[in-house]
Amino acid sequence: MTDSDWGDWLPRAVADADPDTVALWYLGCNGFAIKGSEGTVLWIDPYAGTGDPPRTIRMIPVPFDPNDIDEADAVLATHEHTDHVHGPSQAPILANTDADFVAPDDSLAVAREEERWTENWGVDDEAFLEVAEGDELKIGEFTVHVVETQDADATHPVGYVIEHDSGTLFHAGDSKPSESFPALADEFDIDLGILAFGSIGRVPDKETGEPVETKWYSDENEIAAAAEDLGLDRLVPTHWDMWKGLTADPTALHEHVRSRSHPNRLEIVEIGDRIDL
């Protein structure tokens, strides 16, 4: 059971919205709700868990209860880590709607075999949709391209380039700079790019519990280089708010991107904020 610190206002805000283009709500961590002008709703990496204290400690509110979400056409996962594939956060959305769970093979293995979403939350097995790099999906008014990313901490990460009549956005999951990014810039005119950013900190080791030097996300220079390689118009840094010991100050990125050809704009959002294409 997941309890929301904010009641049901965020799911209601998504349900009640009537955007002229595409609206995005930042869920904290690396999660987003995305709603198009025709009413299609995508949820990407929604996570309402609190981590695994004392190793991973959530530093921000839990902004929604998944049982309150009744508008969803798809839930997309970028990779298999628990803050991206999490039964208590995502399975109730699938059980309450006709949404598909769109994810690469290793993410589906967590949902099917480790967490047993079908047995524990009544998710229909037909809701699981496996994707891989190079796939293209039509989900309502959105065209979703599954693309290569680079995250050495994950076993099979992917990113999603999402096209709409109003513009194009890219969710890179927890990717660091990737050799695939310049080619994506050639293929797509990306209006808004979502890239994970964080500090290097000391986090307790899984086995010993002793603090170890930990780097899970791009640092300032890496995220700036990735934004330039992707040719982003707007850069939205994420994940900087989430884990104790790995939080960061996104305003520091102004100095790191100012001499780059891209992004044209650094856009900093906090949990619960809405932005539009």
# chains A, B, ... in the order shown; residues from 1 in each chain; ligands from 1
>>> select_by_dssp(residues="segment 8-171 of chain A", states="strand (DSSP E or B)", output="count of residues only")
52
>>> closest_atom_pairs(of="segment 115-217 of chain A", to="segment 236-254 of chain A", cutoff="12 Å", atoms="only C-alpha atoms", output="CSV")
residue,atom,partner,partner_atom,distance
A:Leu169,CA,A:Val236,CA,10.4
A:Phe170,CA,A:Val236,CA,10.0
A:His171,CA,A:Val236,CA,9.6
A:Ala172,CA,A:Thr238,CA,10.3
A:Gly173,CA,A:Thr238,CA,9.3
A:Asp174,CA,A:His239,CA,8.3
A:Ser175,CA,A:Thr238,CA,11.3
A:Asp191,CA,A:Val236,CA,10.7
A:Leu192,CA,A:Val236,CA,7.1
A:Gly193,CA,A:Val236,CA,6.0
A:Ile194,CA,A:Val236,CA,4.9
A:Leu195,CA,A:Pro237,CA,5.1
A:Ala196,CA,A:Thr238,CA,4.7
A:Phe197,CA,A:Trp240,CA,5.4
A:Gly198,CA,A:Trp240,CA,4.7
A:Ser199,CA,A:Leu246,CA,4.9
A:Ile200,CA,A:Leu246,CA,5.9
A:Gly201,CA,A:Gly245,CA,5.1
A:Arg202,CA,A:Gly245,CA,6.2
A:Val203,CA,A:Gly245,CA,6.7
A:Pro204,CA,A:Gly245,CA,10.0
A:Pro211,CA,A:Gly245,CA,10.3
A:Val212,CA,A:Gly245,CA,10.9
A:Glu213,CA,A:Gly245,CA,10.1
A:Thr214,CA,A:Leu246,CA,8.1
A:Lys215,CA,A:Leu246,CA,7.9
A:Trp216,CA,A:Leu246,CA,8.3
A:Tyr217,CA,A:His239,CA,8.0
>>> select_by_dssp(residues="segment 13-170 of chain A", states="alpha helix (DSSP H)", output="MDAnalysis selection string")
chainID A and resid 13:16 87:96 105:109 117:121
>>> closest_residue(among="A:Glu80, A:Glu115, A:Asp52, A:Glu228", to="Ala154 of chain A", atoms="only C-alpha atoms")
A:Glu80
>>> residues_around(residues="Ser261 of chain A", least_positions_apart="4", cutoff="12 Å", atoms="only C-alpha atoms", output="PyMOL selection string")
chain A and resi 224-234+256-257+265
>>> closest_atom_pairs(of="segment 52-90 of chain A", to="segment 124-141 of chain A", cutoff="10 Å", atoms="only C-alpha atoms", output="JSON lines")
{"residue": "A:Asp73", "atom": "CA", "partner": "A:Ile139", "partner_atom": "CA", "distance": 7.2}
{"residue": "A:Ala74", "atom": "CA", "partner": "A:Ile139", "partner_atom": "CA", "distance": 7.6}
{"residue": "A:Val75", "atom": "CA", "partner": "A:Ala127", "partner_atom": "CA", "distance": 9.9}
{"residue": "A:Leu76", "atom": "CA", "partner": "A:Leu129", "partner_atom": "CA", "distance": 9.6}
>>> atom_distance(atom1="atom CA of Asp219 of chain A", atom2="atom CA of Thr82 of chain A")
21.5 Å
>>> closest_atom_pairs(of="segment 45-152 of chain A", to="segment 1-21 of chain A", cutoff="9 Å", atoms="only C-alpha atoms", output="CSV")
residue,atom,partner,partner_atom,distance
A:Ala48,CA,A:Thr2,CA,6.8
A:Gly49,CA,A:Thr2,CA,7.3
A:Pro61,CA,A:Asp5,CA,6.0
A:Val62,CA,A:Ser4,CA,5.3
A:Pro63,CA,A:Trp6,CA,5.4
A:Phe64,CA,A:Ser4,CA,4.7
A:Asp65,CA,A:Ser4,CA,4.9
A:Pro66,CA,A:Thr2,CA,7.3
A:Asn67,CA,A:Thr2,CA,8.4
A:Asp68,CA,A:Asp8,CA,6.3
A:Ile69,CA,A:Pro11,CA,5.6
A:Asp70,CA,A:Pro11,CA,8.1
A:Glu71,CA,A:Ala15,CA,6.4
A:Pro88,CA,A:Met1,CA,6.5
A:Ser89,CA,A:Thr2,CA,7.2
>>> residues_around(residues="Arg112 of chain A", least_positions_apart="2", cutoff="12 Å", atoms="only C-alpha atoms", output="PyMOL selection string")
chain A and resi 80+85-87+91+101+103+105-110+114-130
>>> closest_residue(among="A:His156, A:Arg258, A:Arg55, A:His84", to="Lys206 of chain A", atoms="only C-alpha atoms")
A:Arg55
>>> atom_distance(atom1="atom CA of Glu148 of chain A", atom2="atom CA of Leu235 of chain A")
18.7 Å
